>>> print(open('input.cif').read())   # mmCIF, C-alpha atoms
data_protein
loop_
_atom_site.label_atom_id
_atom_site.label_comp_id
_atom_site.auth_asym_id
_atom_site.auth_seq_id
_atom_site.Cartn_x
_atom_site.Cartn_y
_atom_site.Cartn_z
CA MET A 74 -11.49 -31.76 7.66
CA ARG A 75 -8.38 -31.12 9.75
CA MET A 76 -6.85 -27.76 8.95
CA ARG A 77 -3.23 -28.12 7.81
CA ASP A 78 -0.42 -26.78 9.94
CA TRP A 79 1.60 -23.99 8.35
CA PRO A 80 4.22 -26.19 6.61
CA GLU A 81 1.48 -28.34 5.08
CA TYR A 82 -0.52 -25.27 4.06
CA LEU A 83 2.55 -23.72 2.44
CA ALA A 84 3.28 -26.93 0.54
CA ALA A 85 -0.26 -26.88 -0.84
CA ASN A 86 -0.21 -23.09 -1.45
CA PRO A 87 3.28 -22.10 -2.62
CA GLY A 88 4.08 -18.47 -1.94
CA ALA A 89 1.37 -18.10 0.73
CA ARG A 90 1.93 -15.94 3.78
CA PRO A 91 1.54 -17.23 7.34
CA THR A 92 -1.23 -14.68 7.89
CA GLU A 93 -3.10 -16.20 4.97
CA TRP A 94 -2.83 -19.57 6.70
CA LEU A 95 -4.15 -18.08 9.94
CA ARG A 96 -7.03 -16.46 8.09
CA ALA A 97 -7.88 -19.81 6.50
CA CYS A 98 -7.78 -21.44 9.94
CA ALA A 99 -10.32 -18.86 11.14
CA GLU A 100 -12.92 -19.70 8.51
CA PRO A 101 -15.90 -19.55 8.33
CA GLU A 102 -15.91 -16.98 11.14
CA TRP A 103 -13.46 -14.71 9.33
CA SER A 104 -15.64 -14.29 6.25
CA ALA A 105 -18.73 -13.95 8.43
CA ALA A 106 -17.10 -11.07 10.32
CA VAL A 107 -15.75 -9.28 7.23
CA GLY A 108 -19.04 -9.74 5.37
CA HIS A 109 -21.26 -9.00 8.36
CA ARG A 110 -24.43 -7.00 8.03
CA PHE A 111 -23.00 -4.35 10.35
CA GLY A 112 -20.11 -3.52 8.04
CA ALA A 113 -22.32 -3.48 4.95
CA GLU A 114 -24.80 -1.14 6.64
CA CYS A 115 -22.04 1.09 7.98
CA ASN A 116 -20.58 1.40 4.47
CA ALA A 117 -24.02 2.34 3.16
CA GLY A 118 -24.86 4.70 6.03
CA THR A 119 -27.94 2.65 6.95
CA VAL A 120 -27.07 1.38 10.44
CA GLN A 121 -30.07 2.13 12.62
CA PRO A 122 -29.32 4.53 15.50
CA ALA A 123 -30.32 1.93 18.12
CA VAL A 124 -27.92 -0.59 16.59
CA MET A 125 -25.06 1.90 16.37
CA ARG A 126 -25.74 3.00 19.94
CA ARG A 127 -25.48 -0.58 21.24
CA TYR A 128 -22.38 -1.24 19.14
CA LEU A 129 -20.49 1.91 20.14
CA VAL A 130 -21.35 1.68 23.83
CA GLN A 131 -19.91 -1.84 23.92
CA ASP A 132 -16.94 -1.09 21.67
CA TYR A 133 -15.94 1.91 23.79
CA GLN A 134 -15.34 -0.42 26.71
CA PHE A 135 -12.49 -2.05 24.79
CA ILE A 136 -10.36 1.08 24.63
CA GLY A 137 -8.63 0.72 28.00
CA THR A 138 -7.81 -2.96 27.44
CA PHE A 139 -6.90 -2.35 23.80
CA VAL A 140 -4.48 0.43 24.74
CA ALA A 141 -2.93 -1.90 27.33
CA LEU A 142 -2.55 -4.54 24.60
CA LEU A 143 -0.88 -2.02 22.31
CA GLY A 144 1.37 -0.88 25.15
CA ARG A 145 2.43 -4.44 25.86
CA ALA A 146 3.10 -5.01 22.16
CA ILE A 147 5.30 -1.92 22.13
CA HIS A 148 7.17 -3.26 25.17
CA THR A 149 7.74 -6.74 23.70
CA ALA A 150 8.58 -5.56 20.17
CA PRO A 151 12.14 -6.46 19.16
CA ASP A 152 13.41 -2.99 18.23
CA LEU A 153 12.54 0.67 17.74
CA PRO A 154 11.38 0.32 14.10
CA ALA A 155 8.86 -2.28 15.28
CA ARG A 156 7.70 -0.07 18.14
CA LEU A 157 7.17 3.17 16.23
CA PRO A 158 4.09 2.23 14.14
CA LEU A 159 2.42 0.74 17.21
CA GLY A 160 3.10 3.92 19.14
CA ARG A 161 1.70 6.10 16.37
CA PHE A 162 -1.42 3.97 16.22
CA MET A 163 -1.87 4.23 19.98
CA GLY A 164 -1.82 8.00 19.59
CA LEU A 165 -4.63 7.79 17.02
CA VAL A 166 -6.74 5.55 19.26
CA CYS A 167 -6.30 7.94 22.18
CA SER A 168 -7.10 11.07 20.15
CA ALA A 169 -9.13 11.02 16.92
CA GLU A 170 -10.88 7.74 17.63
CA ASN A 171 -11.74 8.65 21.22
CA THR A 172 -13.12 12.01 20.05
CA TYR A 173 -15.27 10.18 17.49
CA PHE A 174 -16.86 8.13 20.26
CA GLU A 175 -17.67 11.19 22.35
CA ARG A 176 -19.28 13.05 19.44
CA SER A 177 -21.23 9.96 18.41
CA PHE A 178 -22.48 9.41 21.95
CA ASP A 179 -23.69 13.01 22.06
CA ALA A 180 -25.48 12.68 18.71
CA LEU A 181 -27.01 9.31 19.60
CA GLY A 182 -28.17 10.44 23.03
CA VAL A 183 -26.07 7.99 25.07
CA ALA A 184 -26.35 8.68 28.79
CA GLN A 185 -23.18 9.25 30.81
CA ALA A 186 -23.79 6.12 32.86
CA LEU A 187 -23.79 3.98 29.72
CA ARG A 188 -20.62 5.61 28.48
CA ALA A 189 -18.81 4.95 31.73
CA ASP A 190 -19.95 1.52 32.88
CA PRO A 191 -22.56 -0.26 30.74
CA PRO A 192 -23.56 -3.88 31.20
CA LEU A 193 -21.39 -5.81 28.78
CA SER A 194 -22.58 -8.40 26.30
CA GLU A 195 -21.04 -11.85 26.52
CA PRO A 196 -18.99 -11.31 23.32
CA ALA A 197 -17.69 -8.00 24.68
CA ARG A 198 -16.64 -9.60 27.97
CA ALA A 199 -14.99 -12.50 26.17
CA PHE A 200 -13.14 -10.27 23.70
CA ARG A 201 -11.90 -7.99 26.46
CA ALA A 202 -10.65 -11.06 28.33
CA LEU A 203 -8.84 -12.30 25.22
CA MET A 204 -7.12 -8.92 24.80
CA ALA A 205 -6.06 -9.03 28.45
CA GLU A 206 -4.76 -12.59 28.02
CA ALA A 207 -2.63 -11.56 25.04
CA ALA A 208 -1.42 -8.46 26.88
CA GLU A 209 -0.21 -10.59 29.78
CA SER A 210 1.95 -12.72 27.50
CA ALA A 211 5.68 -12.08 27.27
CA ARG A 212 5.57 -13.08 23.59
CA HIS A 213 5.23 -10.29 21.02
CA VAL A 214 3.68 -12.70 18.54
CA ASP A 215 0.73 -13.29 20.89
CA GLN A 216 -0.12 -9.59 20.94
CA LEU A 217 0.28 -9.42 17.18
CA ALA A 218 -2.14 -12.31 16.66
CA VAL A 219 -5.00 -10.53 18.44
CA LEU A 220 -4.15 -7.06 17.12
CA CYS A 221 -3.98 -8.35 13.56
CA VAL A 222 -7.48 -9.81 13.73
CA ALA A 223 -8.93 -6.75 15.44
CA GLU A 224 -7.63 -4.41 12.74
CA TRP A 225 -7.55 -6.61 9.62
CA VAL A 226 -11.24 -7.54 9.94
CA TYR A 227 -12.17 -3.85 10.05
CA LEU A 228 -10.01 -3.06 7.04
CA GLY A 229 -11.68 -5.97 5.26
CA TRP A 230 -15.20 -4.59 5.53
CA ALA A 231 -14.39 -0.87 5.36
CA ARG A 232 -11.80 -0.71 2.56
CA PRO A 233 -14.32 -1.29 -0.29
CA ALA A 234 -16.18 1.84 0.83
CA ARG A 235 -13.16 4.16 0.96
CA ASP A 236 -14.43 6.21 -1.99
CA THR A 237 -18.15 5.49 -1.84
CA ARG A 238 -19.32 5.85 1.76
CA PRO A 239 -22.14 8.36 2.27
CA ALA A 240 -21.44 11.63 4.05
CA GLU A 241 -24.19 11.05 6.61
CA PRO A 242 -24.77 9.99 9.27
CA PHE A 243 -21.30 10.95 10.42
CA TRP A 244 -21.15 8.09 12.90
CA CYS A 245 -21.14 5.69 9.94
CA ALA A 246 -19.07 7.79 7.52
CA GLU A 247 -16.29 8.60 9.98
CA TRP A 248 -16.14 5.02 11.28
CA VAL A 249 -15.52 3.95 7.68
CA ASP A 250 -12.92 6.69 7.25
CA LEU A 251 -10.99 5.55 10.32
CA HIS A 252 -10.78 1.98 9.03
CA ALA A 253 -10.46 2.49 5.27
CA SER A 254 -7.74 5.13 5.08
CA PRO A 255 -4.42 4.49 3.31
CA TYR A 256 -2.72 4.99 6.68
CA PHE A 257 -4.82 2.28 8.31
CA GLU A 258 -4.29 -0.07 5.38
CA GLY A 259 -0.55 0.40 5.73
CA PHE A 260 -0.72 -0.19 9.47
CA VAL A 261 -2.58 -3.48 8.96
CA GLU A 262 -0.04 -4.55 6.36
CA GLY A 263 2.68 -3.82 8.90
CA LEU A 264 0.94 -5.99 11.49
CA ARG A 265 0.61 -8.80 8.96
CA THR A 266 4.27 -8.55 7.95
CA ALA A 267 5.39 -8.67 11.57
CA LEU A 268 3.10 -11.60 12.33
CA ASP A 269 4.29 -13.41 9.19
CA ARG A 270 7.88 -13.06 10.36
CA ASP A 271 7.20 -14.23 13.90
CA VAL A 272 5.08 -17.22 12.88
CA MET A 273 7.88 -18.38 10.58
CA ALA A 274 10.17 -18.58 13.63
CA LEU A 275 7.78 -20.68 15.75
CA ASP A 276 7.74 -24.41 16.30
CA ALA A 277 4.53 -26.46 16.03
CA VAL A 278 3.53 -25.77 19.64
CA GLY A 279 3.96 -22.03 19.19
CA ARG A 280 2.03 -22.05 15.93
CA ALA A 281 -0.84 -23.89 17.60
CA ARG A 282 -0.94 -21.29 20.37
CA VAL A 283 -0.97 -18.36 17.94
CA ARG A 284 -3.53 -20.07 15.75
CA GLY A 285 -5.77 -20.47 18.81
CA LEU A 286 -5.52 -16.76 19.66
CA PHE A 287 -6.17 -15.74 16.07
CA THR A 288 -9.19 -18.00 15.56
CA ARG A 289 -10.74 -17.07 18.91
CA ALA A 290 -10.40 -13.39 18.03
CA ALA A 291 -12.12 -13.94 14.67
CA GLU A 292 -14.98 -15.83 16.34
CA LEU A 293 -15.43 -13.01 18.84
CA GLU A 294 -15.38 -10.31 16.14
CA ARG A 295 -18.29 -12.02 14.42
CA ALA A 296 -20.15 -12.53 17.71
CA PHE A 297 -19.57 -8.91 18.69
CA PHE A 298 -21.12 -7.65 15.46
CA ASP A 299 -24.05 -10.01 16.00
CA SER A 300 -24.59 -8.62 19.50
CA ALA A 301 -25.25 -5.12 18.15
CA TYR A 302 -28.50 -6.46 16.72
CA ASP A 303 -29.54 -8.31 19.88
CA VAL A 304 -32.34 -6.58 21.75
CA ALA A 305 -32.58 -7.59 25.41
#
>>> encode(input="input.cif", output="structure tokens")
Amino acid sequence: MRMRDWPEYLAANPGARPTEWLRACAEPEWSAAVGHRFGAECNAGTVQPAVMRRYLVQDYQFIGTFVALLGRAIHTAPDLPARLPLGRFMGLVCSAENTYFERSFDALGVAQALRADPPLSEPARAFRALMAEAAESARHVDQLAVLCVAEWVYLGWARPARDTRPAEPFWCAEWVDLHASPYFEGFVEGLRTALDRDVMALDAVGRARVRGLFTRAAELERAFFDSAYDVA
């Protein structure tokens, strides 16, 4: 069935938000990513060390491109109030989150060569390319589309475990903490609000472009989680 454009979706779902429309456009990949085995096992503290090692080694390679995407979003944001939360989040990524990776690599026995320049899985290469594509755009809404998926999916699987995640292993517990905190939930809501606003101002061509970015990001999130369980 053809997915409705935003005006049609709104007519059928009065009071809906544009980000709800985008999420619906990304099904079934969205639900597969949020409900993925990786998130469930991370919440329970049962991710096997080999799986977490593969996941973190690949995920770490996103940081440079992700920071560039955030930086571009800060540059294209319409005003200072829109820039400040993105800047604060960049500080978190470059400090607490980066430190988490280093400590996890040490605990999981990841060699320096794998930390610096590992062979990338196809989903990791494709997701990094999508981030770079959005970062090259002059349109703030394009950066928001990819950022919103990247963070909203993580909030979706981690938030239910905010008060129940096990204390150990720390590489599971702290990964949940980073993505289930009230601060992170507020940041994601801010991304959604900004994306809602910008989508409302787009014409049909612009909405199709943003929808394409959003749905591709959701597909790649699911594929990236899958790749953590792939053994070469």
>>> closest_atom_pairs(input="input.cif", of="region 208-255 of chain A", to="region 262-276 of chain A", cutoff="8 Å", atoms="all atoms listed in the file", output="CSV")
residue,atom,partner,partner_atom,distance
A:Val214,CA,A:Asp271,CA,6.0
A:Leu217,CA,A:Leu268,CA,6.0
A:Ala218,CA,A:Leu268,CA,6.8
A:Leu220,CA,A:Leu264,CA,7.7
A:Cys221,CA,A:Leu264,CA,5.8
>>> write_last_selection(input="input.cif", atoms="C-alpha atoms", output="PDB file, in the coordinates of the input")
ATOM      1  CA  VAL A 214       3.680 -12.700  18.540  1.00  0.00           C
ATOM      2  CA  LEU A 217       0.280  -9.420  17.180  1.00  0.00           C
ATOM      3  CA  ALA A 218      -2.140 -12.310  16.660  1.00  0.00           C
ATOM      4  CA  LEU A 220      -4.150  -7.060  17.120  1.00  0.00           C
ATOM      5  CA  CYS A 221      -3.980  -8.350  13.560  1.00  0.00           C
TER       6      CYS A 221
END
>>> closest_residue(input="input.cif", among="A:Phe200, A:Gln121, A:Ala89, A:Trp225", to="Phe260 (chain A)", atoms="only C-alpha atoms")
A:Trp225
>>> resolve_selection(input="input.cif", expression="the PyMOL selection byres ((chain A and resi 107) around 12)", output="ChimeraX atom specification")
/A:96,99-106,108-113,222-233,291-292,294-296,298
>>> write_last_selection(input="input.cif", atoms="C-alpha atoms", output="mmCIF file, keeping the file's coordinate frame")
data_model
loop_
_atom_site.group_PDB
_atom_site.id
_atom_site.type_symbol
_atom_site.label_atom_id
_atom_site.label_comp_id
_atom_site.auth_asym_id
_atom_site.auth_seq_id
_atom_site.Cartn_x
_atom_site.Cartn_y
_atom_site.Cartn_z
ATOM 1 C CA ARG A 96 -7.030 -16.460 8.090
ATOM 2 C CA ALA A 99 -10.320 -18.860 11.140
ATOM 3 C CA GLU A 100 -12.920 -19.700 8.510
ATOM 4 C CA PRO A 101 -15.900 -19.550 8.330
ATOM 5 C CA GLU A 102 -15.910 -16.980 11.140
ATOM 6 C CA TRP A 103 -13.460 -14.710 9.330
ATOM 7 C CA SER A 104 -15.640 -14.290 6.250
ATOM 8 C CA ALA A 105 -18.730 -13.950 8.430
ATOM 9 C CA ALA A 106 -17.100 -11.070 10.320
ATOM 10 C CA GLY A 108 -19.040 -9.740 5.370
ATOM 11 C CA HIS A 109 -21.260 -9.000 8.360
ATOM 12 C CA ARG A 110 -24.430 -7.000 8.030
ATOM 13 C CA PHE A 111 -23.000 -4.350 10.350
ATOM 14 C CA GLY A 112 -20.110 -3.520 8.040
ATOM 15 C CA ALA A 113 -22.320 -3.480 4.950
ATOM 16 C CA VAL A 222 -7.480 -9.810 13.730
ATOM 17 C CA ALA A 223 -8.930 -6.750 15.440
ATOM 18 C CA GLU A 224 -7.630 -4.410 12.740
ATOM 19 C CA TRP A 225 -7.550 -6.610 9.620
ATOM 20 C CA VAL A 226 -11.240 -7.540 9.940
ATOM 21 C CA TYR A 227 -12.170 -3.850 10.050
ATOM 22 C CA LEU A 228 -10.010 -3.060 7.040
ATOM 23 C CA GLY A 229 -11.680 -5.970 5.260
ATOM 24 C CA TRP A 230 -15.200 -4.590 5.530
ATOM 25 C CA ALA A 231 -14.390 -0.870 5.360
ATOM 26 C CA ARG A 232 -11.800 -0.710 2.560
ATOM 27 C CA PRO A 233 -14.320 -1.290 -0.290
ATOM 28 C CA ALA A 291 -12.120 -13.940 14.670
ATOM 29 C CA GLU A 292 -14.980 -15.830 16.340
ATOM 30 C CA GLU A 294 -15.380 -10.310 16.140
ATOM 31 C CA ARG A 295 -18.290 -12.020 14.420
ATOM 32 C CA ALA A 296 -20.150 -12.530 17.710
ATOM 33 C CA PHE A 298 -21.120 -7.650 15.460
#
>>> atom_distance(input="input.cif", atom1="CA of Arg238 (chain A)", atom2="CA of Ala117 (chain A)")
6.0 Å
>>> closest_residue(input="input.cif", among="A:Ser168, A:Asn86, A:Thr149, A:Asn116", to="His213 (chain A)", atoms="all atoms listed in the file")
A:Thr149
>>> atom_distance(input="input.cif", atom1="CA of Pro255 (chain A)", atom2="CA of Leu159 (chain A)")
15.9 Å
>>> residues_around(input="input.cif", residues="region 175-191 of chain A", least_positions_apart="5", cutoff="7 Å", atoms="all atoms listed in the file", output="MDAnalysis selection string")
chainID A and resid 122 126 130 244
>>> write_last_selection(input="input.cif", atoms="C-alpha atoms", output="short mmCIF file (atom, residue, chain, number, x, y, z; two decimals), keeping the file's coordinate frame")
data_model
loop_
_atom_site.label_atom_id
_atom_site.label_comp_id
_atom_site.auth_asym_id
_atom_site.auth_seq_id
_atom_site.Cartn_x
_atom_site.Cartn_y
_atom_site.Cartn_z
CA PRO A 122 -29.32 4.53 15.50
CA ARG A 126 -25.74 3.00 19.94
CA VAL A 130 -21.35 1.68 23.83
CA TRP A 244 -21.15 8.09 12.90
#
>>> atom_distance(input="input.cif", atom1="CA of Ala123 (chain A)", atom2="CA of Ala246 (chain A)")
16.5 Å
>>> build_atoms(input="input.cif", residues="region 226-240 of chain A", atoms="N, CA and C atoms", output="compact mmCIF listing (two decimals), in the coordinates of the input")
# COMPACT_ATOMS: atom_id res chain seq x y z
N VAL A 226 -9.81 -7.35 10.20
CA VAL A 226 -11.24 -7.54 9.94
C VAL A 226 -11.89 -6.21 9.59
N TYR A 227 -11.56 -5.16 10.31
CA TYR A 227 -12.17 -3.85 10.05
C TYR A 227 -11.73 -3.30 8.70
N LEU A 228 -10.46 -3.47 8.37
CA LEU A 228 -10.01 -3.06 7.04
C LEU A 228 -10.77 -3.84 5.97
N GLY A 229 -11.02 -5.12 6.24
CA GLY A 229 -11.68 -5.97 5.26
C GLY A 229 -13.07 -5.49 4.89
N TRP A 230 -13.85 -5.04 5.88
CA TRP A 230 -15.20 -4.59 5.53
C TRP A 230 -15.24 -3.12 5.12
N ALA A 231 -14.32 -2.30 5.63
CA ALA A 231 -14.39 -0.87 5.36
C ALA A 231 -13.67 -0.46 4.07
N ARG A 232 -12.60 -1.14 3.71
CA ARG A 232 -11.80 -0.71 2.56
C ARG A 232 -12.61 -0.56 1.27
N PRO A 233 -13.56 -1.46 0.96
CA PRO A 233 -14.32 -1.29 -0.29
C PRO A 233 -15.12 0.00 -0.35
N ALA A 234 -15.37 0.62 0.80
CA ALA A 234 -16.18 1.84 0.83
C ALA A 234 -15.34 3.11 0.96
N ARG A 235 -14.03 2.99 0.76
CA ARG A 235 -13.16 4.16 0.96
C ARG A 235 -13.65 5.36 0.13
N ASP A 236 -14.06 5.12 -1.09
CA ASP A 236 -14.43 6.21 -1.99
C ASP A 236 -15.94 6.34 -2.22
N THR A 237 -16.71 5.51 -1.54
CA THR A 237 -18.15 5.49 -1.84
C THR A 237 -19.03 5.70 -0.62
N ARG A 238 -18.47 5.75 0.57
CA ARG A 238 -19.32 5.85 1.76
C ARG A 238 -20.09 7.16 1.75
N PRO A 239 -21.33 7.14 2.25
CA PRO A 239 -22.14 8.36 2.27
C PRO A 239 -21.62 9.34 3.31
N ALA A 240 -21.92 10.60 3.12
CA ALA A 240 -21.44 11.63 4.05
C ALA A 240 -22.17 11.57 5.39
